[in-house]
Each structure stands twice: as C-alpha cells, then as structure tokens.
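Peer 1: What follows is upload-v7.cif, made up of mmCIF, C-alpha atoms:
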```
data_target
#
loop_
_atom_site.label_atom_id
_atom_site.label_comp_id
_atom_site.auth_asym_id
_atom_site.auth_seq_id
_atom_site.Cartn_x
_atom_site.Cartn_y
_atom_site.Cartn_z
CA MET D 135 -24.14 -14.37 3.80
CA ILE D 136 -24.15 -13.22 0.18
CA SER D 137 -27.35 -11.25 0.59
CA ASP D 138 -26.02 -9.63 3.77
CA LEU D 139 -22.88 -8.48 1.97
CA ALA D 140 -24.81 -7.08 -0.94
CA ASN D 141 -27.45 -5.35 1.16
CA CYS D 142 -24.91 -3.61 3.35
CA THR D 143 -24.43 -1.02 0.60
CA THR D 144 -25.96 2.39 1.23
CA GLN D 145 -27.33 5.05 -1.07
CA ARG D 146 -24.48 7.10 -2.51
CA ALA D 147 -24.43 10.62 -3.89
CA PRO D 148 -24.16 10.67 -7.71
CA ARG D 149 -20.46 11.70 -7.63
CA ASN D 150 -19.55 9.28 -4.84
CA ARG D 151 -17.30 6.59 -6.36
CA THR D 152 -16.91 4.48 -3.21
CA ILE D 153 -16.99 0.81 -4.18
CA SER D 154 -20.18 -1.10 -3.41
CA LEU D 155 -21.19 -4.50 -4.71
CA GLY D 156 -24.50 -5.93 -5.85
CA ASP D 157 -25.77 -9.51 -5.48
CA ASN D 158 -24.44 -10.69 -8.84
CA GLN D 159 -21.00 -9.20 -8.22
CA VAL D 160 -20.79 -10.80 -4.77
CA CYS D 161 -21.68 -14.23 -6.20
CA ARG D 162 -19.13 -13.95 -8.99
CA LEU D 163 -16.30 -12.58 -6.85
CA THR D 164 -16.86 -15.05 -4.01
CA ASP D 165 -15.89 -17.89 -6.35
CA ARG D 166 -12.48 -16.27 -6.88
CA LEU D 167 -11.48 -16.30 -3.22
CA ILE D 168 -8.99 -18.89 -1.98
CA LYS D 169 -10.55 -20.37 1.14
CA ASP D 170 -9.36 -23.94 1.68
CA ILE D 171 -6.12 -24.31 3.63
CA PRO D 172 -3.90 -26.93 1.94
CA PRO D 173 -3.22 -30.15 3.90
CA SER D 174 0.55 -29.64 3.68
CA ARG D 175 3.02 -26.86 2.87
CA LEU D 176 2.76 -25.71 -0.74
CA VAL D 177 5.70 -25.72 -3.13
CA ILE D 178 4.29 -23.05 -5.48
CA PRO D 179 2.50 -20.04 -3.93
CA PRO D 180 -0.99 -19.13 -5.13
CA ILE D 181 -1.70 -15.75 -6.68
CA GLY D 182 -4.84 -13.91 -5.64
CA THR D 183 -6.80 -13.28 -2.46
CA VAL D 184 -6.88 -15.70 0.45
CA MET D 185 -9.81 -15.44 2.83
CA GLY D 186 -8.46 -16.65 6.13
CA ASN D 187 -6.14 -16.12 9.06
CA CYS D 188 -2.61 -15.18 8.01
CA ILE D 189 -1.04 -17.07 10.93
CA GLU D 190 -2.69 -20.31 9.88
CA TRP D 191 -1.98 -19.81 6.19
CA ALA D 192 1.67 -18.82 6.67
CA LYS D 193 2.44 -22.31 7.97
CA MET D 194 1.23 -23.79 4.67
CA LEU D 195 2.79 -21.39 2.19
CA PRO D 196 6.19 -22.10 0.55
CA LEU D 197 9.43 -21.22 2.27
CA ALA D 198 11.54 -18.30 1.01
CA PHE D 199 9.29 -17.18 -1.87
CA VAL D 200 8.57 -13.55 -0.93
CA ASP D 201 10.63 -10.66 -2.31
CA LEU D 202 8.67 -7.93 -0.54
CA ILE D 203 6.24 -8.08 2.36
CA ILE D 204 4.04 -5.16 3.34
CA LEU D 205 2.57 -5.44 6.81
CA ASP D 206 -0.33 -3.22 7.83
CA PRO D 207 -1.50 -4.97 11.01
CA PRO D 208 -4.15 -3.57 13.32
CA TYR D 209 -2.66 -0.70 15.28
CA ASN D 210 -2.72 -0.92 19.06
CA LEU D 211 -6.08 0.82 19.28
CA ASP D 212 -9.66 -0.13 20.00
CA LYS D 213 -10.92 -0.53 16.44
CA THR D 214 -13.79 -2.35 14.75
CA PHE D 215 -13.28 -3.96 11.34
CA ASN D 216 -16.58 -4.97 9.75
CA GLY D 217 -17.97 -6.01 13.13
CA GLN D 218 -14.73 -7.62 14.37
CA ARG D 219 -13.19 -5.70 17.27
CA PHE D 220 -9.47 -5.36 17.88
CA ALA D 221 -8.90 -4.46 21.53
CA LYS D 222 -6.07 -2.21 22.67
CA MET D 223 -3.33 -3.98 24.65
CA SER D 224 -0.49 -2.82 26.82
CA VAL D 225 2.66 -1.79 24.97
CA GLU D 226 4.35 -4.98 26.14
CA ASP D 227 1.48 -7.27 25.12
CA TYR D 228 1.21 -5.70 21.68
CA ALA D 229 4.93 -6.26 21.15
CA ILE D 230 4.47 -9.94 22.09
CA TRP D 231 1.52 -10.25 19.71
CA PHE D 232 3.42 -8.63 16.85
CA ASP D 233 6.53 -10.72 17.53
CA ASN D 234 4.44 -13.88 17.11
CA VAL D 235 3.20 -12.57 13.76
CA VAL D 236 6.74 -11.83 12.55
CA GLN D 237 8.08 -15.22 13.63
CA VAL D 238 5.41 -17.02 11.60
CA LEU D 239 5.85 -14.87 8.50
CA LYS D 240 9.65 -14.65 8.46
CA PRO D 241 10.34 -18.13 6.97
CA MET D 242 8.51 -17.10 3.79
CA LEU D 243 10.98 -14.28 3.07
CA LYS D 244 13.90 -14.62 0.68
CA ALA D 245 17.41 -13.86 1.94
CA ASP D 246 17.35 -10.52 0.09
CA ALA D 247 13.73 -9.61 0.87
CA SER D 248 12.51 -6.23 2.11
CA ILE D 249 9.91 -5.58 4.81
CA TYR D 250 7.69 -2.55 5.37
CA VAL D 251 5.51 -2.23 8.48
CA CYS D 252 2.81 0.42 8.87
CA CYS D 253 2.02 1.82 12.32
CA ASP D 254 0.95 4.92 14.21
CA TRP D 255 2.97 6.79 16.84
CA ILE D 256 1.67 4.66 19.71
CA THR D 257 2.38 1.38 17.99
CA SER D 258 5.69 2.46 16.50
CA GLN D 259 7.78 1.78 19.61
CA SER D 260 6.39 -1.75 19.95
CA VAL D 261 6.94 -2.46 16.27
CA TYR D 262 10.53 -1.24 16.33
CA SER D 263 11.41 -3.30 19.39
CA VAL D 264 10.35 -6.43 17.48
CA LEU D 265 11.79 -5.56 14.08
CA VAL D 266 15.25 -4.78 15.40
CA ARG D 267 15.49 -8.33 16.76
CA HIS D 268 14.57 -10.03 13.47
CA PHE D 269 15.76 -7.76 10.64
CA ARG D 270 18.10 -4.98 9.66
CA VAL D 271 16.18 -1.77 10.26
CA GLN D 272 17.11 0.60 7.43
CA ASN D 273 14.86 3.60 8.03
CA ARG D 274 11.60 4.97 9.36
CA ILE D 275 9.30 6.77 6.94
CA THR D 276 6.84 9.28 8.36
CA TRP D 277 3.96 10.33 6.16
CA GLU D 278 1.45 13.10 6.67
CA ARG D 279 -2.24 12.28 6.90
CA GLU D 280 -4.19 15.32 5.79
CA LYS D 281 -7.29 13.94 7.46
CA GLY D 282 -7.95 13.49 11.16
CA ARG D 283 -10.06 14.86 13.96
CA GLY D 284 -8.93 17.83 15.98
CA ALA D 285 -8.40 17.53 19.73
CA LYS D 286 -9.08 20.15 22.41
CA HIS D 287 -6.49 18.87 24.87
CA ASN D 288 -3.80 17.40 22.64
CA TRP D 289 -2.04 17.85 19.31
CA LYS D 290 -3.98 16.59 16.32
CA ASN D 291 -2.62 13.24 15.14
CA ALA D 292 -1.68 13.90 11.52
CA CYS D 293 1.07 11.41 10.65
CA GLU D 294 1.91 7.71 10.60
CA ASP D 295 5.11 5.68 10.39
CA ILE D 296 6.35 2.96 8.05
CA TRP D 297 9.41 1.00 9.17
CA PHE D 298 11.71 -0.12 6.34
CA CYS D 299 13.68 -3.29 7.06
CA THR D 300 15.61 -5.91 5.14
CA MET D 301 16.63 -9.49 5.73
CA SER D 302 20.29 -8.69 4.95
CA ASN D 303 22.50 -6.00 3.49
CA ASP D 304 21.79 -7.42 0.04
CA TYR D 305 18.44 -5.95 -1.00
CA THR D 306 16.61 -4.12 -3.79
CA TYR D 307 16.31 -0.35 -3.73
CA ASN D 308 15.34 1.38 -6.99
CA VAL D 309 15.86 5.05 -6.18
CA ASP D 310 15.22 6.25 -9.75
CA ALA D 311 11.78 4.59 -9.69
CA VAL D 312 10.51 6.69 -6.78
CA LYS D 313 11.68 10.19 -7.51
CA MET D 314 9.42 13.11 -6.63
CA ARG D 315 8.65 15.82 -9.19
CA ARG D 316 8.54 19.13 -7.35
CA LYS D 317 7.81 22.64 -8.55
CA VAL D 318 10.83 24.92 -8.80
CA ILE D 319 10.09 28.31 -7.25
CA ALA D 320 13.45 30.01 -7.85
CA PRO D 321 15.12 28.14 -10.74
CA TYR D 322 18.87 28.35 -11.25
CA LYS D 323 20.38 28.70 -14.74
CA ASP D 324 23.87 27.98 -16.00
CA GLU D 325 26.12 30.53 -17.71
CA SER D 326 24.37 29.96 -21.05
CA GLY D 327 20.95 30.56 -19.51
CA LYS D 328 19.82 26.95 -19.67
CA PRO D 329 17.96 25.28 -16.76
CA LYS D 330 20.33 23.85 -14.15
CA ASP D 331 19.02 20.68 -12.47
CA TRP D 332 15.41 21.41 -13.44
CA MET D 333 13.17 21.28 -16.50
CA ARG D 334 10.70 23.64 -18.16
CA THR D 335 7.33 22.16 -19.23
CA GLN D 336 3.89 23.37 -20.23
CA GLU D 337 2.80 22.57 -16.66
CA GLY D 338 5.53 24.70 -15.09
CA ASN D 339 9.12 24.33 -13.90
CA PHE D 340 9.98 21.06 -12.14
CA ARG D 341 12.88 19.20 -10.59
CA ASP D 342 12.97 15.43 -10.01
CA THR D 343 14.29 14.95 -6.47
CA HIS D 344 15.47 11.93 -4.55
CA PRO D 345 12.85 10.62 -2.11
CA SER D 346 13.22 11.35 1.58
CA ASN D 347 11.76 9.55 4.60
CA PHE D 348 9.20 12.33 5.16
CA TRP D 349 6.23 12.22 2.80
CA THR D 350 3.78 15.10 2.48
CA ASP D 351 2.22 14.10 -0.85
CA ILE D 352 -0.14 11.27 0.20
CA THR D 353 -3.89 11.68 -0.17
CA ILE D 354 -6.07 9.42 1.97
CA PRO D 355 -8.69 7.72 -0.26
CA PHE D 356 -11.98 9.61 -0.16
CA TRP D 357 -15.42 9.38 -1.71
CA SER D 358 -14.61 10.77 -5.18
CA MET D 359 -11.65 8.44 -5.79
CA PRO D 360 -12.37 5.16 -7.63
CA GLU D 361 -10.07 3.24 -5.25
CA ASN D 362 -12.11 4.25 -2.20
CA THR D 363 -13.92 1.66 -0.05
CA ASP D 364 -15.61 1.76 3.33
CA HIS D 365 -12.60 0.10 4.98
CA PRO D 366 -11.78 2.21 8.07
CA THR D 367 -7.98 2.28 7.62
CA GLN D 368 -7.46 2.01 3.87
CA LYS D 369 -4.04 3.04 2.55
CA SER D 370 -3.76 4.87 -0.76
CA GLU D 371 -2.45 3.24 -3.91
CA LYS D 372 0.12 6.01 -4.25
CA LEU D 373 1.63 5.23 -0.85
CA ILE D 374 1.89 1.50 -1.55
CA ALA D 375 3.23 2.15 -5.07
CA LYS D 376 6.26 3.91 -3.59
CA LEU D 377 7.10 0.88 -1.46
CA ILE D 378 6.63 -1.61 -4.28
CA LEU D 379 8.58 0.37 -6.89
CA ALA D 380 11.46 1.07 -4.50
CA SER D 381 11.87 -2.43 -3.10
CA SER D 382 10.88 -4.89 -5.83
CA ASN D 383 11.26 -5.50 -9.55
CA LYS D 384 8.80 -6.63 -12.20
CA GLY D 385 7.92 -10.30 -11.65
CA ASP D 386 8.87 -10.24 -7.97
CA PHE D 387 6.47 -11.67 -5.39
CA VAL D 388 4.70 -9.25 -3.03
CA LEU D 389 2.84 -10.51 0.05
CA ASP D 390 0.37 -8.65 2.26
CA PRO D 391 -0.87 -10.78 5.19
CA PHE D 392 -3.31 -8.08 6.41
CA LEU D 393 -4.71 -7.18 2.99
CA GLY D 394 -7.74 -5.16 4.04
CA SER D 395 -9.55 -3.89 0.96
CA GLY D 396 -6.78 -5.00 -1.38
CA THR D 397 -4.55 -2.00 -2.05
CA THR D 398 -1.23 -3.89 -1.99
CA SER D 399 -2.42 -6.60 -4.39
CA VAL D 400 -4.01 -4.07 -6.72
CA VAL D 401 -0.88 -1.93 -6.94
CA ALA D 402 1.34 -5.00 -7.36
CA LYS D 403 -0.82 -6.09 -10.28
CA LYS D 404 -0.72 -2.65 -11.88
CA LEU D 405 3.07 -2.61 -11.56
CA GLU D 406 3.48 -6.15 -12.97
CA ARG D 407 4.45 -7.96 -9.78
CA ARG D 408 3.09 -11.27 -8.58
CA TYR D 409 1.00 -10.95 -5.43
CA LEU D 410 -0.83 -12.70 -2.64
CA GLY D 411 -3.08 -11.03 -0.10
CA ILE D 412 -4.51 -12.64 3.01
CA GLU D 413 -7.56 -11.17 4.74
CA VAL D 414 -9.93 -12.67 7.28
CA GLU D 415 -12.99 -10.52 6.49
CA GLU D 416 -15.04 -11.68 3.48
CA GLN D 417 -16.36 -8.21 2.68
CA TYR D 418 -12.84 -6.84 2.40
CA CYS D 419 -11.76 -9.80 0.26
CA LEU D 420 -14.58 -9.12 -2.18
CA TRP D 421 -13.63 -5.46 -2.47
CA ALA D 422 -10.06 -6.57 -3.15
CA GLU D 423 -11.14 -8.94 -5.91
CA TYR D 424 -13.35 -6.28 -7.47
CA ARG D 425 -10.45 -3.82 -7.49
CA LEU D 426 -8.14 -6.44 -9.00
CA GLU D 427 -10.71 -6.96 -11.74
CA GLN D 428 -10.78 -3.23 -12.44
CA ALA D 429 -6.97 -3.14 -12.54
CA GLU D 430 -7.05 -5.33 -15.64
CA ARG D 431 -8.51 -2.39 -17.54
CA ASP D 432 -7.12 0.61 -15.65
CA ARG D 433 -3.50 0.69 -14.44
CA CYS D 434 -3.63 4.32 -13.36
CA ILE D 435 -2.26 5.19 -9.92
CA GLN D 436 -3.39 8.61 -8.76
CA GLY D 437 -0.43 10.94 -8.23
CA TYR D 438 1.99 8.77 -10.25
CA ALA D 439 2.60 9.73 -13.88
CA ASP D 440 5.43 9.80 -16.38
CA GLY D 441 7.41 7.44 -14.13
CA VAL D 442 7.57 9.86 -11.19
CA PHE D 443 5.50 10.79 -8.17
CA TRP D 444 3.95 14.24 -8.11
CA GLU D 445 3.28 16.47 -5.15
CA ARG D 446 -0.27 16.38 -3.88
CA ASN D 447 -2.75 17.95 -6.31
CA SER D 448 -0.02 18.82 -8.82
CA ALA D 449 -0.07 15.95 -11.33
CA PRO D 450 -0.77 17.03 -14.94
CA ASN D 451 -4.04 16.51 -16.77
CA TYR D 452 -2.90 13.21 -18.29
CA ARG D 453 -2.69 11.57 -14.85
CA ASN D 454 -5.84 9.55 -15.57
CA LEU D 455 -4.30 7.81 -18.58
CA PRO D 456 -2.88 4.31 -18.16
CA ASN D 457 0.87 4.52 -17.54
CA ALA D 458 1.63 3.02 -20.96
CA GLU D 459 -0.23 5.88 -22.68
CA GLN D 460 1.27 8.75 -20.70
CA PRO D 461 3.47 11.14 -22.68
CA SER D 462 7.12 11.48 -21.78
CA LEU D 463 8.42 14.70 -20.32
CA LEU D 464 10.21 15.47 -23.60
CA GLU D 465 6.89 15.39 -25.41
CA LEU D 466 5.64 18.13 -23.11
CA LEU D 467 8.58 20.51 -23.60
#
```
Written as structure tokens, how would this file's structure read?

Peer 2:
Amino acid sequence: MISDLANCTTQRAPRNRTISLGDNQVCRLTDRLIKDIPPSRLVIPPIGTVMGNCIEWAKMLPLAFVDLIILDPPYNLDKTFNGQRFAKMSVEDYAIWFDNVVQVLKPMLKADASIYVCCDWITSQSVYSVLVRHFRVQNRITWEREKGRGAKHNWKNACEDIWFCTMSNDYTYNVDAVKMRRKVIAPYKDESGKPKDWMRTQEGNFRDTHPSNFWTDITIPFWSMPENTDHPTQKSEKLIAKLILASSNKGDFVLDPFLGSGTTSVVAKKLERRYLGIEVEEQYCLWAEYRLEQAERDRCIQGYADGVFWERNSAPNYRNLPNAEQPSLLELL
C-alpha cells in the first residue's frame, strides 16, 4: 500500500506547489496515524489524525469534549474520493443518512458548543431539516466559489452554504476576531479632516467591517498555493479560519469527522486550538499529517494578516510572514 500511495504522484510543473509524497515521507507519516479503535470509550480525547470511520470512532470518543465541530460531509452528489464512490440519494434518504451522523456525533459536544455544516444548494435543504431538530440554527453563510464549470442550460453553480448552529443560547462568538478589511472608495472625514471610521495606510485606505453571512473573499486552493492537494473538494484555510476564530478560543477542542486532506486540523493547530480529525482514506490522512508537520514551521494563513481578513487578492506584501511577525497597522501608518 505504501508504494501505491507514493507512486500515485504525477509530474508537476516547476511552480506547481500541490502536495505530493515520496516513499520515505509515506513511511514516516503512516506511523503517526491513529488507527486502532479503543476497546471502550476514552476519557481523554486523542490529538491528531484518526484513519477510520467517524461513526465507529464517535462511539469510543469521550462525551462532551468538543467546543467546535466542523462538518464537511459528502454532498448529495455522485462523487469519487480516491476510488471510493459516494452515490447520490433521494432528498429524503440523504436527510436520514445525515441525521444518523448527527445523532452519533452529538453526544461529544459540550453544552455551549458550536456546529458548522458545509453543503451545496441541493444538500442544503436536507441538512437544514436535520439541524433544526437537533440544534439552534443561528444563521446560514453563503460563500462564493470563483471556480466552477459553466452550463449551457442552467445557471453556473458558484456558491456553497455553511449552516451555523449551536447547542444552546450560550455559545462563543468572537466578532472582533473575524473582521474584514475592505478598501474605502469614498472616505468620509470629520470636521477636522481626520479619517472617520477608516484608516490611511501605505497600502491604501481601509475600513475594518463586521462580518456578514455572504462571503466573496474565499479563494479555492489551486496549484500555486502550498496548501493545495489533489483532494476533489478541499476547503481553503482562510474559510476554515473564519469559523474557528469566530466560534472557539485558544486551547478549545475542534473536531472534524470528515477531515479530507486536513484543512480543519491544520488551521486549528496554526490558531493554537486542540484538534482531532477523522478520515477514512489513508491518502488523505497522510496529506493531513504532512500539512500538520509543515504548520509547525509556517503558521501563515493566506488572506489573513494583522489579525483581520482581507478581501481576495488585496492582502499586503507581508501576508507570507508568520502571524507573530506581521507588523501592526500602526506600524504601517
């Protein structure tokens, strides 16, 4: 199996930064995966990457230990994940399937936990019908995907949803941690001529705005980004960072039962949260562990700098510095 995983890499263009692993990396990273299901329910949760089925593992993980859960389950589409096919169901059957997932995962959530569920427009109605029965639905985020194939007989599908739910009315929401820095086109000034509700910098005039539930600043990972993998539905680190910063604090526990190539765990590590990701596909688990290894040296999140999120393609030149080394806005005035 190790040789198959290593040999599945293809020749890349010199500037292509998509992650691929060699034989030695596969051997080393395989040893880091958590594979053996415990014989009884754990008291202390592991930290790292579990290779296995999240339904089976959820029954053996501690009760009420999760502060934030990010769910990115297979959408209700015919889709192949590293050779494993997910078959489209009826709307009703998908809702039943997702309800079973939620019922198994719910006991792991704290009383003040938050829940985010990713879905597309087809899946969204099924997801909502389940969530409203188990949680307090707080909002629906819609984010723009700048990629996607055109269609001759329908509108191009260029957005996805994320449902925001909580276990109760007592939950974490750090609005100041997820503000968006936007360019000011027509800046207002007070009577003395000073900026009013905006700031002047070497990069231009900006205003830090409260986040809305419509996001147009997300870039889908692509070949020149170091976070990119060959996973077919990979979410960007910037997108997940918004969820983690808004709905958890440093030291909190973040769980992703459908980890994919590891984005949630990687971002949680960069933002100093504890984390556990569960993924059934070994190839994806290895990518996740490789990215976690890289996060020990590089805590940069593309599009997030100086403690704020920037509009797409507008972050300053220091965006590639680790967060701890980024200058404050005052230093740029």

Peer 1: For the PyMOL selection byres ((chain D and resi 302) around 9), applied here, can you spell out every residue it catches as a list in words?

Peer 2: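 Matching residues under the PyMOL selection byres ((chain D and resi 302) around 9) are Ala245, Asp246, Ala247, Ser248, Phe269, Arg270, Cys299, Thr300, Met301, Asn303, Asp304 and Tyr305 of chain D.
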
Peer 1: Counting all atoms listed in the file, which residues of stretch 388-430 of chain D fall within 12 Å of stretch 249-267 of chain D, and what is the closest atom pair for each with its distance in Å at one decimal, ordered by chain and rising number, as a Markdown table?

Peer 2:
```
| residue | atom | partner | partner_atom | distance |
| --- | --- | --- | --- | --- |
| D:Val388 | CA | D:Ile249 | CA | 10.1 |
| D:Leu389 | CA | D:Ile249 | CA | 9.8 |
| D:Asp390 | CA | D:Tyr250 | CA | 10.0 |
| D:Pro391 | CA | D:Val251 | CA | 11.2 |
| D:Phe392 | CA | D:Cys252 | CA | 10.8 |
| D:Thr398 | CA | D:Tyr250 | CA | 11.6 |
```

Peer 1: Find the residues around D:Glu371 up to 7 Å (only C-alpha atoms counted), leave out those fewer than 3 positions away in its own chain, and share them as a list in words.

Peer 2: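 Close residues of D:Glu371: Ile374, Ala375, Thr397, Val401 and Ile435 of chain D.
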
Peer 1: One number please: atom CA of D:Asp201 to atom CA of D:Pro355, in Å, one decimal.

Peer 2: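 So the answer is 26.7 Å.
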
Peer 1: Pick out the closest residue to D:Gly411 from this set: D:Ala292, D:Val184, D:Met223, D:Val160. Count all atoms listed in the file.

Peer 2: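 With all atoms listed in the file as the atom set, the closest residue is D:Val184.
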
Peer 1: Give the answer as one residue: which of D:Ile275, D:Gly186, D:Ser395, D:Leu379 has the shortest atom-to-atom distance to D:Glu423, using only C-alpha atoms?

Peer 2: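 Smallest distance to D:Glu423 is found for D:Ser395.
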
Peer 1: Quick check, in Å to one decimal: how far apart do atom CA of D:Ala198 and atom CA of D:Val271 lie?

Peer 2: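 Atom CA of D:Val271 lies at a distance of 19.5 Å from atom CA of D:Ala198.
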
Peer 1: I'd like the interatomic distance between atom CA of D:Gln428 and atom CA of D:Phe298, to a tenth of an Å.

Peer 2: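 According to the coordinates, atom CA of D:Gln428 and atom CA of D:Phe298 are separated by 29.5 Å.
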
Peer 1: Can you translate the PyMOL selection byres ((chain D and resi 414) around 9) into the concrete residues it hits in this file, as a PDB file with C-alpha atoms, in the coordinates of the input?

Peer 2:
```pdb
ATOM      1  CA  VAL D 184      -6.880 -15.700   0.450  1.00  0.00           C
ATOM      2  CA  MET D 185      -9.810 -15.440   2.830  1.00  0.00           C
ATOM      3  CA  GLY D 186      -8.460 -16.650   6.130  1.00  0.00           C
ATOM      4  CA  ASN D 187      -6.140 -16.120   9.060  1.00  0.00           C
ATOM      5  CA  CYS D 188      -2.610 -15.180   8.010  1.00  0.00           C
ATOM      6  CA  PHE D 392      -3.310  -8.080   6.410  1.00  0.00           C
ATOM      7  CA  LEU D 393      -4.710  -7.180   2.990  1.00  0.00           C
ATOM      8  CA  GLY D 394      -7.740  -5.160   4.040  1.00  0.00           C
ATOM      9  CA  ILE D 412      -4.510 -12.640   3.010  1.00  0.00           C
ATOM     10  CA  GLU D 413      -7.560 -11.170   4.740  1.00  0.00           C
ATOM     11  CA  GLU D 415     -12.990 -10.520   6.490  1.00  0.00           C
ATOM     12  CA  GLU D 416     -15.040 -11.680   3.480  1.00  0.00           C
ATOM     13  CA  TYR D 418     -12.840  -6.840   2.400  1.00  0.00           C
ATOM     14  CA  CYS D 419     -11.760  -9.800   0.260  1.00  0.00           C
TER      15      CYS D 419
END
```

Peer 1: Can you give me, as a PDB file with C-alpha atoms, in the coordinates of the input, the residues this file yields under the PyMOL selection byres ((chain D and resi 221) around 9)?

Peer 2:
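Result file follows (selection-v6.pdb):
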```
ATOM      1  CA  ASN D 210      -2.720  -0.920  19.060  1.00  0.00           C
ATOM      2  CA  LEU D 211      -6.080   0.820  19.280  1.00  0.00           C
ATOM      3  CA  ASP D 212      -9.660  -0.130  20.000  1.00  0.00           C
ATOM      4  CA  LYS D 213     -10.920  -0.530  16.440  1.00  0.00           C
ATOM      5  CA  THR D 214     -13.790  -2.350  14.750  1.00  0.00           C
ATOM      6  CA  ARG D 219     -13.190  -5.700  17.270  1.00  0.00           C
ATOM      7  CA  PHE D 220      -9.470  -5.360  17.880  1.00  0.00           C
ATOM      8  CA  LYS D 222      -6.070  -2.210  22.670  1.00  0.00           C
ATOM      9  CA  MET D 223      -3.330  -3.980  24.650  1.00  0.00           C
TER      10      MET D 223
END
```

Peer 1: Please list as a ChimeraX atom specification every residue within 9 Å of D:Arg149, counting all atoms listed in the file and excluding residues in the same chain fewer than 2 positions away.

Peer 2: /D:146-147,151,357-358

Peer 1: Any idea what's packed within 10 Å of D:Glu190, counting all atoms listed in the file, ignoring anything in its chain fewer than 5 positions away? Could you give it as a list of chain:residue names?

Peer 2: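 So, after excluding close chain neighbours, the residues are D:Ile171, D:Leu195, D:Val238.
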
Peer 1: Using all atoms listed in the file, which of D:Arg283, D:Tyr424, D:Leu239, D:Ser448 sits nearest D:Asn339?

Peer 2: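 Among the listed residues, D:Ser448 lies closest to D:Asn339.
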
Peer 1: If we count only C-alpha atoms, what is near D:Met314 at a cut-off of 6 Å, once residues fewer than 4 positions away on the same chain are taken out, given as a ChimeraX atom specification?

Peer 2: /D:342-343,442-444

Peer 1: Nearest to D:Lys369: which of D:Asp206, D:Glu226, D:Glu427, D:Asp295 is it, counting only C-alpha atoms?

Peer 2: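 Among the listed residues, the smallest separation from D:Lys369 belongs to D:Asp206.
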
Peer 1: Could you check which of D:Thr183, D:Thr350, D:Thr367, D:Asn158 is closest to D:Tyr209, using all atoms listed in the file?

Peer 2: D:Thr367

Peer 1: Considering only C-alpha atoms, state which residue in the set D:Lys372, D:Arg407, D:Leu155, D:Gly396 is at the smallest distance from D:Cys434.

Peer 2: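 Closest to D:Cys434, using only C-alpha atoms: D:Lys372.
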
Peer 1: List the neighbours of D:Val400 out to 7 Å using all atoms listed in the file; skip same-chain residues closer than 5 positions along the sequence, and give me the result as a tab-separated table (two decimals) with C-alpha atoms, in the frame of the given file.

Peer 2:
```
chain	number	residue	atom	x	y	z
D	425	ARG	CA	-10.45	-3.82	-7.49
D	426	LEU	CA	-8.14	-6.44	-9.00
D	429	ALA	CA	-6.97	-3.14	-12.54
```
